[in-house]
Every structure is written in C-alpha cells, then in structure tokens.
Amino acid sequence: MNDDERKLVFKPRFFATIDEVLDFLEEYNSEDYIQNFLIDLNDFIVNKIVPYPESHTEYRWKQTPE
C-alpha cells in the first residue's frame with residue numbers, strides 16, 4: 001500500500017466521544033468556540049494524522065534519541 005491509498009477509519013466510539021465532548025463544551029462555551037474547536041479538530045486530523053499517522057507527542061519522561 002502506498003501513501004496515496006491511506007484511508008482513515010473512524011470507529012463508532014470516536015463519534016460517541018466527540019458527542020460527549022461537544023455536550024460538555026456546550027455547557028460552558030459559545031457556538032463560535034465550538035465551531036472553532038471542530039474546525040481545529042478537522043484540520044488536525046486531515047493535516048497531521050492522515051499524512052503522518054506514526055507521529056505523536058514527545059513525552060518528557062521518555063524522550064527519543066536525537
């Protein structure tokens with residue numbers, strides 16, 4: 001499989017979790033804030049996860065070699 005064939009698959013639990021997060025955010029934030037959150041999440045998925053699925057946060061207590 002080459003990079004052009006990569007496909008992101010969302011599990012049902014992902015959507016359930018997003019619904020829970022949105023329910024929480026609705027209690028304390030404006031509609032604009034929630035829309036910006038969703039736009040940022042979409043951008044992160046499309047621009048970071050899809051092209052670089054192996055990337056992750058560097059944890060300070062277990063750093064990888066330079």
# chains A, B, ... in the order shown; residues from 1 in each chain; ligands from 1
>>> residues_around(residues="Val50 (chain A)", least_positions_apart="2", cutoff="8 Å", atoms="only C-alpha atoms", output="PDB file with N, CA and C atoms, in the first residue's frame")
ATOM      1  N   ARG A   6      -3.775   5.546   1.611  1.00  0.00           N
ATOM      2  CA  ARG A   6      -4.104   5.614   3.038  1.00  0.00           C
ATOM      3  C   ARG A   6      -5.526   6.089   3.232  1.00  0.00           C
ATOM      4  N   LYS A   7      -6.183   5.456   4.171  1.00  0.00           N
ATOM      5  CA  LYS A   7      -7.562   5.812   4.445  1.00  0.00           C
ATOM      6  C   LYS A   7      -7.758   5.812   5.954  1.00  0.00           C
ATOM      7  N   LEU A   8      -8.354   6.866   6.457  1.00  0.00           N
ATOM      8  CA  LEU A   8      -8.610   6.974   7.875  1.00  0.00           C
ATOM      9  C   LEU A   8      -9.975   6.365   8.170  1.00  0.00           C
ATOM     10  N   ILE A  45      -6.814  16.359  12.092  1.00  0.00           N
ATOM     11  CA  ILE A  45      -6.996  15.023  11.514  1.00  0.00           C
ATOM     12  C   ILE A  45      -6.486  14.981  10.085  1.00  0.00           C
ATOM     13  N   VAL A  46      -6.904  15.953   9.287  1.00  0.00           N
ATOM     14  CA  VAL A  46      -6.561  15.960   7.861  1.00  0.00           C
ATOM     15  C   VAL A  46      -5.085  16.267   7.624  1.00  0.00           C
ATOM     16  N   ASN A  47      -4.542  17.215   8.383  1.00  0.00           N
ATOM     17  CA  ASN A  47      -3.172  17.682   8.119  1.00  0.00           C
ATOM     18  C   ASN A  47      -2.088  16.994   8.929  1.00  0.00           C
ATOM     19  N   LYS A  48      -2.439  16.304   9.990  1.00  0.00           N
ATOM     20  CA  LYS A  48      -1.426  15.671  10.839  1.00  0.00           C
ATOM     21  C   LYS A  48      -1.587  14.156  10.891  1.00  0.00           C
ATOM     22  N   TYR A  52       0.687  11.759   8.536  1.00  0.00           N
ATOM     23  CA  TYR A  52       1.744  11.308   9.450  1.00  0.00           C
ATOM     24  C   TYR A  52       1.143  10.459  10.578  1.00  0.00           C
ATOM     25  N   PRO A  53       0.607   9.313  10.278  1.00  0.00           N
ATOM     26  CA  PRO A  53      -0.072   8.525  11.315  1.00  0.00           C
ATOM     27  C   PRO A  53       0.847   8.012  12.418  1.00  0.00           C
TER      28      PRO A  53
END
>>> decode(residues="region 27-41 of chain A", atoms="all heavy atoms", output="CSV table (one decimal), in the first residue's frame")
chain,number,residue,atom,x,y,z
A,27,GLU,N,-22.0,23.4,27.5
A,27,GLU,CA,-22.4,24.0,28.8
A,27,GLU,C,-21.7,25.3,29.1
A,27,GLU,O,-22.2,26.1,29.9
A,27,GLU,CB,-22.2,22.9,29.9
A,27,GLU,CG,-23.1,21.7,29.8
A,27,GLU,CD,-22.9,20.8,30.9
A,27,GLU,OE1,-22.6,21.3,32.1
A,27,GLU,OE2,-23.0,19.6,30.7
A,28,TYR,N,-20.4,25.4,28.7
A,28,TYR,CA,-19.6,26.5,29.1
A,28,TYR,C,-19.0,27.4,28.0
A,28,TYR,O,-18.3,28.4,28.4
A,28,TYR,CB,-18.4,25.9,29.9
A,28,TYR,CG,-18.8,25.0,31.0
A,28,TYR,CD1,-18.7,23.6,30.8
A,28,TYR,CD2,-19.2,25.5,32.2
A,28,TYR,CE1,-19.1,22.7,31.9
A,28,TYR,CE2,-19.6,24.7,33.2
A,28,TYR,CZ,-19.6,23.3,33.1
A,28,TYR,OH,-19.9,22.5,34.1
A,29,ASN,N,-19.4,27.1,26.8
A,29,ASN,CA,-18.8,27.9,25.7
A,29,ASN,C,-19.8,28.3,24.6
A,29,ASN,O,-20.9,27.7,24.5
A,29,ASN,CB,-17.7,27.0,25.0
A,29,ASN,CG,-16.6,26.7,26.0
A,29,ASN,OD1,-15.7,27.5,26.3
A,29,ASN,ND2,-16.6,25.5,26.5
A,30,SER,N,-19.4,29.3,23.9
A,30,SER,CA,-20.2,29.8,22.8
A,30,SER,C,-20.2,28.9,21.6
A,30,SER,O,-19.4,28.0,21.4
A,30,SER,CB,-19.8,31.2,22.4
A,30,SER,OG,-18.5,31.1,21.7
A,31,GLU,N,-21.2,29.1,20.7
A,31,GLU,CA,-21.3,28.4,19.5
A,31,GLU,C,-20.0,28.6,18.6
A,31,GLU,O,-19.6,27.7,18.0
A,31,GLU,CB,-22.6,28.7,18.7
A,31,GLU,CG,-22.8,27.9,17.5
A,31,GLU,CD,-23.1,26.4,17.8
A,31,GLU,OE1,-23.6,26.1,18.8
A,31,GLU,OE2,-22.7,25.6,16.9
A,32,ASP,N,-19.5,29.8,18.6
A,32,ASP,CA,-18.3,30.1,17.8
A,32,ASP,C,-17.1,29.3,18.4
A,32,ASP,O,-16.3,28.8,17.6
A,32,ASP,CB,-18.0,31.6,17.9
A,32,ASP,CG,-18.9,32.4,17.1
A,32,ASP,OD1,-19.6,31.9,16.2
A,32,ASP,OD2,-19.0,33.7,17.3
A,33,TYR,N,-17.0,29.2,19.7
A,33,TYR,CA,-15.9,28.4,20.3
A,33,TYR,C,-16.0,27.0,19.8
A,33,TYR,O,-15.0,26.3,19.4
A,33,TYR,CB,-16.0,28.5,21.8
A,33,TYR,CG,-14.9,27.7,22.5
A,33,TYR,CD1,-13.7,28.4,22.7
A,33,TYR,CD2,-15.0,26.4,22.8
A,33,TYR,CE1,-12.6,27.7,23.4
A,33,TYR,CE2,-14.0,25.7,23.4
A,33,TYR,CZ,-12.8,26.3,23.7
A,33,TYR,OH,-11.8,25.6,24.3
A,34,ILE,N,-17.2,26.4,19.8
A,34,ILE,CA,-17.4,25.0,19.5
A,34,ILE,C,-17.1,24.8,18.0
A,34,ILE,O,-16.5,23.8,17.6
A,34,ILE,CB,-18.8,24.6,19.8
A,34,ILE,CG1,-19.0,24.6,21.4
A,34,ILE,CG2,-19.2,23.2,19.3
A,34,ILE,CD1,-20.4,24.5,21.8
A,35,GLN,N,-17.6,25.7,17.2
A,35,GLN,CA,-17.3,25.6,15.7
A,35,GLN,C,-15.8,25.7,15.5
A,35,GLN,O,-15.2,24.9,14.6
A,35,GLN,CB,-18.0,26.7,14.9
A,35,GLN,CG,-19.5,26.5,14.9
A,35,GLN,CD,-19.9,25.2,14.2
A,35,GLN,OE1,-19.3,24.8,13.2
A,35,GLN,NE2,-20.8,24.5,14.8
A,36,ASN,N,-15.1,26.6,16.2
A,36,ASN,CA,-13.6,26.7,16.0
A,36,ASN,C,-12.9,25.4,16.5
A,36,ASN,O,-12.0,24.9,15.9
A,36,ASN,CB,-13.1,27.9,16.8
A,36,ASN,CG,-13.4,29.2,16.1
A,36,ASN,OD1,-13.6,29.2,14.9
A,36,ASN,ND2,-13.5,30.2,16.8
A,37,PHE,N,-13.4,24.8,17.6
A,37,PHE,CA,-12.9,23.5,18.0
A,37,PHE,C,-13.1,22.4,17.0
A,37,PHE,O,-12.1,21.7,16.7
A,37,PHE,CB,-13.7,23.1,19.3
A,37,PHE,CG,-13.4,21.7,19.7
A,37,PHE,CD1,-12.2,21.4,20.4
A,37,PHE,CD2,-14.3,20.7,19.5
A,37,PHE,CE1,-11.9,20.1,20.8
A,37,PHE,CE2,-14.0,19.4,19.8
A,37,PHE,CZ,-12.8,19.0,20.5
A,38,LEU,N,-14.2,22.4,16.4
A,38,LEU,CA,-14.5,21.3,15.3
A,38,LEU,C,-13.6,21.6,14.1
A,38,LEU,O,-13.1,20.6,13.5
A,38,LEU,CB,-15.9,21.3,14.9
A,38,LEU,CG,-16.9,20.8,16.0
A,38,LEU,CD1,-18.3,21.0,15.6
A,38,LEU,CD2,-16.6,19.3,16.3
A,39,ILE,N,-13.4,22.8,13.7
A,39,ILE,CA,-12.6,23.2,12.6
A,39,ILE,C,-11.1,22.8,12.9
A,39,ILE,O,-10.4,22.2,12.1
A,39,ILE,CB,-12.7,24.7,12.2
A,39,ILE,CG1,-14.0,25.0,11.6
A,39,ILE,CG2,-11.5,25.1,11.3
A,39,ILE,CD1,-14.4,26.4,11.5
A,40,ASP,N,-10.6,23.1,14.1
A,40,ASP,CA,-9.3,22.8,14.5
A,40,ASP,C,-9.1,21.2,14.6
A,40,ASP,O,-8.0,20.7,14.1
A,40,ASP,CB,-8.9,23.4,15.9
A,40,ASP,CG,-8.7,24.9,15.8
A,40,ASP,OD1,-8.6,25.4,14.7
A,40,ASP,OD2,-8.7,25.5,16.9
A,41,LEU,N,-10.1,20.5,15.1
A,41,LEU,CA,-10.0,19.1,15.1
A,41,LEU,C,-9.9,18.5,13.7
A,41,LEU,O,-9.1,17.6,13.4
A,41,LEU,CB,-11.2,18.5,15.9
A,41,LEU,CG,-11.3,17.0,15.9
A,41,LEU,CD1,-10.1,16.4,16.7
A,41,LEU,CD2,-12.6,16.6,16.6
